[in-house]
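final.txt, holding compact mmCIF, C-alpha atoms:
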# COMPACT_ATOMS: atom_id res chain seq x y z
CA MET C 15 8.30 -10.18 21.99
CA LEU C 16 8.33 -6.37 21.56
CA THR C 17 11.81 -6.12 23.10
CA ARG C 18 13.10 -8.81 20.75
CA LEU C 19 11.64 -7.02 17.74
CA ILE C 20 13.21 -3.69 18.76
CA LEU C 21 16.61 -5.35 19.22
CA ILE C 22 16.33 -6.99 15.80
CA LEU C 23 15.48 -3.62 14.22
CA ILE C 24 18.42 -1.82 15.85
CA VAL C 25 21.00 -4.50 15.11
CA SER C 26 19.82 -5.01 11.55
CA LEU C 27 19.81 -1.31 10.71
CA PHE C 28 23.48 -1.02 11.67
CA GLU C 29 24.69 -4.31 10.20
CA SER C 30 22.72 -4.45 6.92
CA GLN C 31 24.36 -2.86 3.88
CA LEU C 32 22.48 -1.51 0.88
CA HIS C 33 23.47 -3.46 -2.21
CA ALA C 34 23.13 -2.62 -5.87
CA GLN C 35 20.41 -4.31 -7.91
CA ASP C 36 21.58 -4.39 -11.54
CA ASP C 37 18.46 -5.97 -12.98
CA LEU C 38 15.24 -6.17 -11.05
CA LEU C 39 13.98 -8.84 -13.40
CA ASP C 40 16.40 -11.33 -11.86
CA MET C 41 14.46 -10.90 -8.61
CA LEU C 42 11.02 -10.50 -10.13
CA GLY C 43 11.12 -13.30 -12.65
CA ASN C 44 10.60 -16.15 -10.17
CA ASP C 45 7.01 -17.42 -10.34
CA SER C 46 7.74 -20.83 -8.90
CA ILE C 47 5.00 -22.57 -6.95
CA THR C 48 7.20 -25.51 -6.00
CA GLY C 49 10.22 -25.82 -3.79
CA GLU C 50 10.97 -24.19 -0.48
CA MET C 51 9.40 -20.76 -1.14
CA VAL C 52 6.82 -19.24 -3.47
CA TYR C 53 7.14 -15.88 -5.23
CA SER C 54 4.05 -14.65 -7.02
CA PHE C 55 3.29 -10.92 -6.74
CA LYS C 56 5.71 -8.70 -8.65
CA GLY C 57 4.99 -5.46 -6.79
CA LEU C 58 4.84 -4.62 -3.10
CA GLN C 59 1.28 -3.44 -3.75
CA MET C 60 -1.50 -5.21 -5.64
CA VAL C 61 -2.86 -1.81 -6.71
CA ASN C 62 -3.31 0.42 -3.67
CA LEU C 63 -3.40 -2.36 -1.07
CA GLN C 64 -0.30 -4.19 0.06
CA SER C 65 0.58 -7.52 -1.50
CA THR C 66 2.33 -10.29 0.42
CA LYS C 67 5.58 -9.64 -1.46
CA MET C 68 8.45 -8.55 0.81
CA PRO C 69 11.66 -6.66 -0.05
CA ASN C 70 14.81 -8.72 0.15
CA SER C 71 17.19 -8.05 3.01
CA GLY C 72 19.18 -4.89 2.28
CA ASP C 73 16.95 -3.72 -0.59
CA PHE C 74 16.19 -0.02 -0.55
CA TYR C 75 13.11 1.06 -2.52
CA PHE C 76 12.35 4.57 -3.71
CA VAL C 77 8.61 4.98 -4.36
CA VAL C 78 6.78 7.68 -6.33
CA SER C 79 3.01 7.54 -6.76
CA HIS C 80 0.50 9.89 -8.39
CA ARG C 81 -3.28 9.98 -8.38
CA PHE C 82 -4.79 12.46 -10.78
CA GLY C 83 -8.25 14.05 -10.69
CA SER C 84 -11.45 12.39 -11.83
CA LEU C 85 -11.66 11.38 -15.48
CA LYS C 86 -15.26 12.59 -15.38
CA ASP C 87 -14.07 16.21 -15.27
CA GLY C 88 -13.06 15.84 -18.91
CA ILE C 89 -11.06 18.39 -20.82
CA ASP C 90 -11.64 21.12 -18.20
CA THR C 91 -8.97 19.49 -16.03
CA PHE C 92 -7.33 17.59 -18.92
CA PHE C 93 -9.04 14.43 -17.68
CA GLY C 94 -7.76 14.93 -14.15
CA LEU C 95 -4.11 15.65 -14.90
CA ASP C 96 -4.45 19.19 -13.49
CA ASN C 97 -5.43 17.85 -10.06
CA ALA C 98 -2.65 15.47 -9.13
CA THR C 99 -1.80 14.25 -5.64
CA THR C 100 1.62 12.79 -4.92
CA LYS C 101 3.23 10.27 -2.62
CA ILE C 102 7.00 9.98 -2.18
CA GLY C 103 8.39 7.25 0.03
CA PHE C 104 11.16 4.86 0.95
CA ILE C 105 11.06 1.19 1.96
CA TYR C 106 13.97 -0.73 3.46
CA GLY C 107 14.24 -4.50 3.77
CA ILE C 108 15.78 -5.16 7.17
CA GLU C 109 15.48 -8.92 6.78
CA ASN C 110 13.83 -11.04 4.11
CA TRP C 111 10.80 -11.21 6.39
CA LEU C 112 10.80 -7.66 7.77
CA SER C 113 10.68 -4.14 6.26
CA LEU C 114 10.09 -0.54 7.29
CA GLY C 115 8.63 2.28 5.20
CA LEU C 116 8.24 6.05 5.39
CA SER C 117 6.26 8.27 3.01
CA ARG C 118 4.82 11.76 2.57
CA HIS C 119 1.47 12.43 0.88
CA THR C 120 0.36 15.78 -0.51
CA LEU C 121 -3.30 14.94 0.22
CA ASN C 122 -3.93 16.16 3.80
CA LYS C 123 -0.13 16.57 4.11
CA ILE C 124 0.11 13.13 5.66
CA TYR C 125 3.30 11.51 6.94
CA GLU C 126 3.05 7.72 7.08
CA GLY C 127 5.26 5.09 8.65
CA SER C 128 4.80 1.37 8.02
CA LEU C 129 5.95 -1.99 9.35
CA LYS C 130 5.55 -5.15 7.26
CA TYR C 131 6.55 -8.67 8.27
CA ARG C 132 6.04 -12.17 6.91
CA LEU C 133 4.86 -14.83 9.33
CA VAL C 134 4.50 -17.77 6.92
CA ASN C 135 5.58 -18.25 3.31
CA GLN C 136 3.75 -20.63 0.98
CA ASN C 137 5.86 -23.68 0.29
CA ASP C 138 5.54 -27.44 0.02
CA GLU C 139 4.28 -27.62 3.61
CA ALA C 140 2.39 -24.28 3.99
CA PRO C 141 -0.65 -23.69 1.73
CA VAL C 142 -0.63 -19.87 2.04
CA THR C 143 1.59 -16.86 2.64
CA LEU C 144 0.73 -14.87 5.77
CA VAL C 145 1.90 -11.26 6.24
CA GLY C 146 1.18 -8.56 8.82
CA TYR C 147 1.11 -4.87 7.91
CA HIS C 148 0.75 -1.84 10.20
CA THR C 149 0.82 1.89 9.53
CA ILE C 150 0.70 5.04 11.61
CA GLN C 151 -0.31 8.28 9.87
CA VAL C 152 0.19 11.88 10.96
CA ASN C 153 -2.25 14.42 9.48
CA SER C 154 -0.19 17.61 9.51
CA GLN C 155 -2.91 19.59 7.75
CA LEU C 156 -5.24 19.78 10.76
CA ASP C 157 -5.56 23.44 11.81
CA ARG C 158 -5.56 24.69 15.39
CA ASP C 159 -8.09 27.35 14.35
CA ALA C 160 -10.57 24.57 13.59
CA TYR C 161 -9.45 22.41 16.52
CA PRO C 162 -8.35 24.76 19.35
CA ASN C 163 -7.38 21.92 21.68
CA LEU C 164 -5.49 20.01 19.01
CA SER C 165 -2.57 17.88 20.25
CA PHE C 166 -0.09 15.76 18.33
CA GLU C 167 -1.95 12.60 19.34
CA ASN C 168 -5.11 13.95 17.70
CA ARG C 169 -3.32 13.98 14.35
CA LEU C 170 -2.71 10.22 14.42
CA SER C 171 -4.57 7.35 12.82
CA TYR C 172 -3.65 3.67 12.78
CA VAL C 173 -4.22 0.74 10.42
CA SER C 174 -3.52 -2.95 11.06
CA GLN C 175 -3.93 -5.56 8.34
CA LEU C 176 -3.58 -9.30 7.93
CA LEU C 177 -2.70 -10.39 4.37
CA ILE C 178 -3.26 -13.98 3.24
CA SER C 179 -2.30 -15.03 -0.29
CA ARG C 180 -2.05 -18.20 -2.31
CA ALA C 181 -0.34 -18.78 -5.63
CA ILE C 182 -2.83 -21.05 -7.37
CA SER C 183 -0.79 -21.41 -10.54
CA HIS C 184 2.13 -19.77 -12.34
CA SER C 185 -0.30 -17.17 -13.68
CA LEU C 186 -2.82 -16.63 -10.88
CA THR C 187 -2.38 -15.46 -7.28
CA VAL C 188 -5.22 -14.42 -4.97
CA GLU C 189 -5.13 -12.53 -1.69
CA VAL C 190 -7.57 -11.96 1.18
CA ILE C 191 -7.19 -8.96 3.52
CA GLY C 192 -8.67 -8.16 6.91
CA SER C 193 -8.20 -4.57 8.09
CA TYR C 194 -8.84 -2.47 11.21
CA LEU C 195 -8.54 1.33 11.26
CA TYR C 196 -8.70 3.81 14.14
CA LYS C 197 -8.81 7.62 13.79
CA ASN C 198 -8.25 9.96 16.71
CA VAL C 199 -9.99 12.84 14.90
CA TYR C 200 -12.94 12.15 12.60
CA ASN C 201 -16.23 13.63 11.42
CA PRO C 202 -19.01 11.50 12.94
CA GLU C 203 -21.49 12.70 10.32
CA ILE C 204 -19.64 11.09 7.42
CA GLU C 205 -17.15 8.57 8.87
CA HIS C 206 -16.49 6.18 11.75
CA GLN C 207 -13.74 6.38 14.32
CA LYS C 208 -13.24 2.61 14.18
CA GLN C 209 -13.58 0.81 10.88
CA PHE C 210 -13.32 -2.88 10.02
CA SER C 211 -12.85 -3.87 6.38
CA VAL C 212 -12.53 -7.15 4.56
CA GLY C 213 -11.78 -7.87 0.93
CA GLY C 214 -9.01 -8.88 -1.36
CA GLY C 215 -7.81 -9.15 -4.89
CA GLY C 216 -5.29 -10.88 -7.04
CA ARG C 217 -2.83 -10.92 -9.90
CA LEU C 218 -3.20 -12.54 -13.31
CA LYS C 219 0.04 -12.89 -15.25
CA LEU C 220 -0.38 -11.89 -18.91
CA SER C 221 3.23 -12.25 -20.05
CA LYS C 222 6.74 -12.30 -18.61
CA ARG C 223 6.60 -8.55 -17.92
CA LEU C 224 2.88 -7.77 -17.67
CA SER C 225 0.21 -8.67 -15.13
CA LEU C 226 -3.36 -7.54 -14.51
CA ASN C 227 -4.26 -6.79 -10.87
CA ALA C 228 -7.55 -6.04 -9.13
CA GLU C 229 -8.70 -5.38 -5.56
CA TYR C 230 -11.83 -4.51 -3.57
CA MET C 231 -12.48 -3.81 0.11
CA TYR C 232 -15.89 -3.88 1.80
CA SER C 233 -16.90 -2.15 5.02
CA ASN C 234 -20.01 -0.58 6.50
CA LEU C 235 -19.18 2.96 5.41
CA PRO C 236 -21.51 5.96 5.71
CA SER C 237 -23.28 6.72 2.43
CA PHE C 238 -21.01 9.72 1.81
CA TYR C 239 -18.13 7.38 0.86
CA ASN C 240 -17.80 4.27 -1.31
CA ASN C 241 -15.93 1.01 -0.90
CA PRO C 242 -12.58 1.18 -2.74
CA LEU C 243 -12.30 -0.70 -6.04
CA SER C 244 -9.13 -0.56 -8.16
CA LEU C 245 -7.70 -2.12 -11.32
CA GLY C 246 -4.02 -2.05 -12.25
CA LEU C 247 -1.47 -3.19 -14.80
CA ASP C 248 2.04 -4.11 -13.63
CA ILE C 249 4.85 -3.44 -16.11
CA GLU C 250 8.30 -4.79 -15.28
CA THR C 251 11.45 -3.20 -16.69
CA GLY C 252 15.08 -3.46 -15.67
CA GLY C 253 15.34 -1.87 -12.25
CA HIS C 254 11.70 -0.75 -12.03
CA VAL C 255 8.18 -1.94 -11.39
CA PHE C 256 5.69 0.44 -12.99
CA GLN C 257 2.02 0.10 -12.05
CA LEU C 258 -0.68 1.89 -14.08
CA LEU C 259 -4.04 1.96 -12.33
CA PHE C 260 -7.62 3.16 -12.19
CA THR C 261 -9.35 3.61 -8.83
CA ASN C 262 -12.29 5.35 -7.15
CA SER C 263 -10.05 6.78 -4.40
CA GLN C 264 -7.65 9.67 -4.84
CA GLY C 265 -6.12 9.04 -1.42
CA MET C 266 -3.06 6.80 -1.20
CA SER C 267 -2.52 6.53 2.56
CA GLU C 268 -4.11 3.43 4.07
CA SER C 269 -6.67 5.40 6.08
CA ASN C 270 -7.75 7.61 3.17
CA TYR C 271 -7.96 4.75 0.73
CA LEU C 272 -10.00 2.47 2.97
CA THR C 273 -12.48 5.00 4.36
CA ASN C 274 -12.56 8.11 2.16
CA ALA C 275 -13.12 6.89 -1.41
CA VAL C 276 -15.47 9.45 -2.97
CA GLY C 277 -15.48 8.18 -6.56
CA ASP C 278 -18.26 6.05 -8.06
CA TRP C 279 -17.31 3.71 -10.90
CA GLY C 280 -20.93 3.61 -12.08
CA LYS C 281 -20.91 7.39 -12.60
CA GLY C 282 -17.50 7.52 -14.24
CA GLU C 283 -15.86 9.07 -11.17
CA VAL C 284 -12.57 7.25 -11.60
CA TYR C 285 -9.01 8.41 -10.91
CA PHE C 286 -6.07 7.44 -13.09
CA GLY C 287 -2.66 7.06 -11.47
CA PHE C 288 0.55 5.10 -11.17
CA ASN C 289 3.04 3.63 -8.70
CA LEU C 290 6.74 3.59 -9.56
CA TYR C 291 9.23 1.47 -7.59
CA ARG C 292 13.01 1.73 -8.01
CA VAL C 293 15.14 -0.65 -5.99
CA PHE C 294 18.77 -0.02 -5.06
How would this structure read if it were set down as structure tokens?
Amino acid sequence: MLTRLILILIVSLFESQLHAQDDLLDMLGNDSITGEMVYSFKGLQMVNLQSTKMPNSGDFYFVVSHRFGSLKDGIDTFFGLDNATTKIGFIYGIENWLSLGLSRHTLNKIYEGSLKYRLVNQNDEAPVTLVGYHTIQVNSQLDRDAYPNLSFENRLSYVSQLLISRAISHSLTVEVIGSYLYKNVYNPEIEHQKQFSVGGGGRLKLSKRLSLNAEYMYSNLPSFYNNPLSLGLDIETGGHVFQLLFTNSQGMSESNYLTNAVGDWGKGEVYFGFNLYRVF
């Protein structure tokens, strides 16, 4: 199975050609819940978490994301705008069911690679869409002065997720997520080396170009951190998907988001941010 997947990746990378996408709305406007396939989510992410949407074969996405500082800091940091973190990444659709991604995060100077693949698509015979998602993250900020025996392997962390979604109507889609995370280097006083999480979210279509998204993940975290909760608004324009969001986690890598959310919605410790997708 692994050999077959590697061969598919190599052949597809050489044979697939990037094609121009004149109007992203042509691709995004399909909300059908009948017929052979179902398209429901507009963005590749619900808010921070992955949705079950896949890039089309040959699509090349450029991704820019920002998370600003806490709104609670008020005017001192211009409501968090002075304390921005950034993610820049690329996603390539190798096949309609398979994509690869690469990104760089300013928080902890993380490099992240991702693999996403669709196993089942909701249609007249399948009640749900089933997608697998895996990431590997490299924390380049770790210092040899603090960790004298630091090796490259110590910088790595891994996340594996199973995404299950169902389009209930033209306006409503829900998703359930199971997640497993492993960190090679961690602080046992405030975090776990192995972390299981379960949760989900969904999308509620408000108009042709607007949708309201929400997500929440639960895990048995140490009291130092909180479970991530995020709300977002998807805005579709020609060639772009623009997601405005509020979240209690400033981290955007899968490991940071799932296990290191320090904000508390009840105390007003919320981060404003956005995701911007441009497809070529």
Counting only C-alpha atoms, which residues in region 162-197 of chain C sit no more than 7 Å from region 139-149 of chain C? For each one, give the nearest pair of atoms and the distance in Å, sorted by chain then residue number, as a tab-separated table.
residue	atom	partner	partner_atom	distance
C:Tyr172	CA	C:Thr149	CA	5.8
C:Val173	CA	C:Thr149	CA	5.2
C:Ser174	CA	C:His148	CA	4.5
C:Gln175	CA	C:Tyr147	CA	5.1
C:Leu176	CA	C:Gly146	CA	4.9
C:Leu177	CA	C:Val145	CA	5.0
C:Ile178	CA	C:Leu144	CA	4.8
C:Ser179	CA	C:Thr143	CA	5.2
C:Arg180	CA	C:Val142	CA	4.9
Could you give me, as a list in words, the residues within 8 Å of Leu58 (chain C), counting all atoms listed in the file and dropping anything in the same chain fewer than 2 positions from it?
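Residues near the query, excluding close chain neighbours: Phe55, Lys56, Met60, Gln64, Ser65, Thr66, Lys67, Met68 and Pro69 of chain C.
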Region 183-205 of chain C residues near region 250-269 of chain C within 10 Å, closest pair each, using all atoms listed in the file, as a Markdown table:
| residue | atom | partner | partner_atom | distance |
| --- | --- | --- | --- | --- |
| C:Ser193 | CA | C:Glu268 | CA | 9.8 |
| C:Tyr194 | CA | C:Ser269 | CA | 9.6 |
| C:Leu195 | CA | C:Ser269 | CA | 6.8 |
| C:Tyr196 | CA | C:Ser269 | CA | 8.5 |
| C:Lys197 | CA | C:Ser269 | CA | 8.3 |
Provide the CA of Val61 (chain C) to CA of Asn227 (chain C) distance in Å, to one decimal place.
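Going from CA of Val61 (chain C) over to CA of Asn227 (chain C) covers 6.6 Å.
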Choose the residue, out of C:Asp73, C:Asp90, C:Asp157, C:Asp138, that has the smallest atom-to-atom separation from Val199 (chain C); count all atoms listed in the file.
C:Asp157
Sphere at (-1.0, 9.7, 11.6), radius 6 Å, counting all atoms listed in the file: residues as a PyMOL selection string
chain C and resi 150-153+169-171
Output file for the selection above: C-alpha atoms, as a tab-separated table (two decimals), in the frame of the given file:
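Result file follows (again-v2.tsv):
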chain	number	residue	atom	x	y	z
C	150	ILE	CA	0.70	5.04	11.61
C	151	GLN	CA	-0.31	8.28	9.87
C	152	VAL	CA	0.19	11.88	10.96
C	153	ASN	CA	-2.25	14.42	9.48
C	169	ARG	CA	-3.32	13.98	14.35
C	170	LEU	CA	-2.71	10.22	14.42
C	171	SER	CA	-4.57	7.35	12.82
Have a look at C:Val212, C:Val293, C:Ile204, C:Leu226 and name the one nearest to Phe238 (chain C); count all atoms listed in the file.
C:Ile204
Would you pick out the contacts of Asn70 (chain C) at 10 Å or less, using all atoms listed in the file, so that residues sharing its chain but fewer than 3 positions from it are not included, and give the list as a compact mmCIF listing (two decimals) with C-alpha atoms, keeping the file's coordinate frame?
# COMPACT_ATOMS: atom_id res chain seq x y z
CA MET C 41 14.46 -10.90 -8.61
CA LYS C 67 5.58 -9.64 -1.46
CA ASP C 73 16.95 -3.72 -0.59
CA PHE C 74 16.19 -0.02 -0.55
CA TYR C 106 13.97 -0.73 3.46
CA GLY C 107 14.24 -4.50 3.77
CA ILE C 108 15.78 -5.16 7.17
CA GLU C 109 15.48 -8.92 6.78
CA ASN C 110 13.83 -11.04 4.11
CA TRP C 111 10.80 -11.21 6.39
CA LEU C 112 10.80 -7.66 7.77
CA SER C 113 10.68 -4.14 6.26
Listed atoms of region 120-132 of chain C boxed axis-aligned with 4 Å per side, centre + edges as JSON:
{"center_x": 1.3, "center_y": 2.2, "center_z": 4.4, "size_x": 18.5, "size_y": 36.7, "size_z": 17.9}
Distance of CA of Gly246 (chain C) from CA of Asn62 (chain C), expressed in Å to one decimal place
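Calculated distance between CA of Asn62 (chain C) and CA of Gly246 (chain C) is 9.0 Å.
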Which of these residues is nearest to Ala98 (chain C), using only C-alpha atoms: C:Leu164, C:Leu116, C:Leu121, C:Leu245?
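Once distances to Ala98 (chain C) are computed over only C-alpha atoms, the minimum belongs to C:Leu121.
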What gap, in Å, lies between CA of Asn168 (chain C) and CA of Thr120 (chain C)?
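That distance, rounded to one decimal, is 19.1 Å.
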Out of C:Glu189, C:Tyr239, C:Phe288, C:Ser71, which residue has the shortest atom-to-atom distance to Tyr131 (chain C) when counting all atoms listed in the file?
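Of C:Glu189, C:Tyr239, C:Phe288, C:Ser71, the one nearest Tyr131 (chain C) is C:Ser71, counting all atoms listed in the file.
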Write out as a list in words the residues lying within 7 Å of Ala181 (chain C), counting all atoms listed in the file and excluding same-chain residues fewer than 3 positions away.
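Near Ala181 (chain C), the qualifying residues are Ile47, Ser54, Leu186, Thr187 and Val188 of chain C.
Compared by their closest atoms to Gly192 (chain C), and using only C-alpha atoms, the residues C:Leu224, C:Met231, C:Leu290, C:Leu247 rank with C:Met231 nearest.
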Restricting the calculation to only C-alpha atoms, which member of C:Ser233, C:Thr273, C:Ser211, C:Asn97 is positioned closest to His80 (chain C)?
C:Asn97
Close residues, Ala228 (chain C) itself excluded, 6 Å, only C-alpha atoms, min 6 positions apart in chain, as a ChimeraX atom specification:
/C:215-216,244-245
Can you spit out the residues from that selection as a JSON list (two decimals), in the frame of the given file, using C-alpha atoms?
[["chain", "number", "residue", "atom", "x", "y", "z"],
["C", 215, "GLY", "CA", -7.81, -9.15, -4.89],
["C", 216, "GLY", "CA", -5.29, -10.88, -7.04],
["C", 244, "SER", "CA", -9.13, -0.56, -8.16],
["C", 245, "LEU", "CA", -7.70, -2.12, -11.32]]
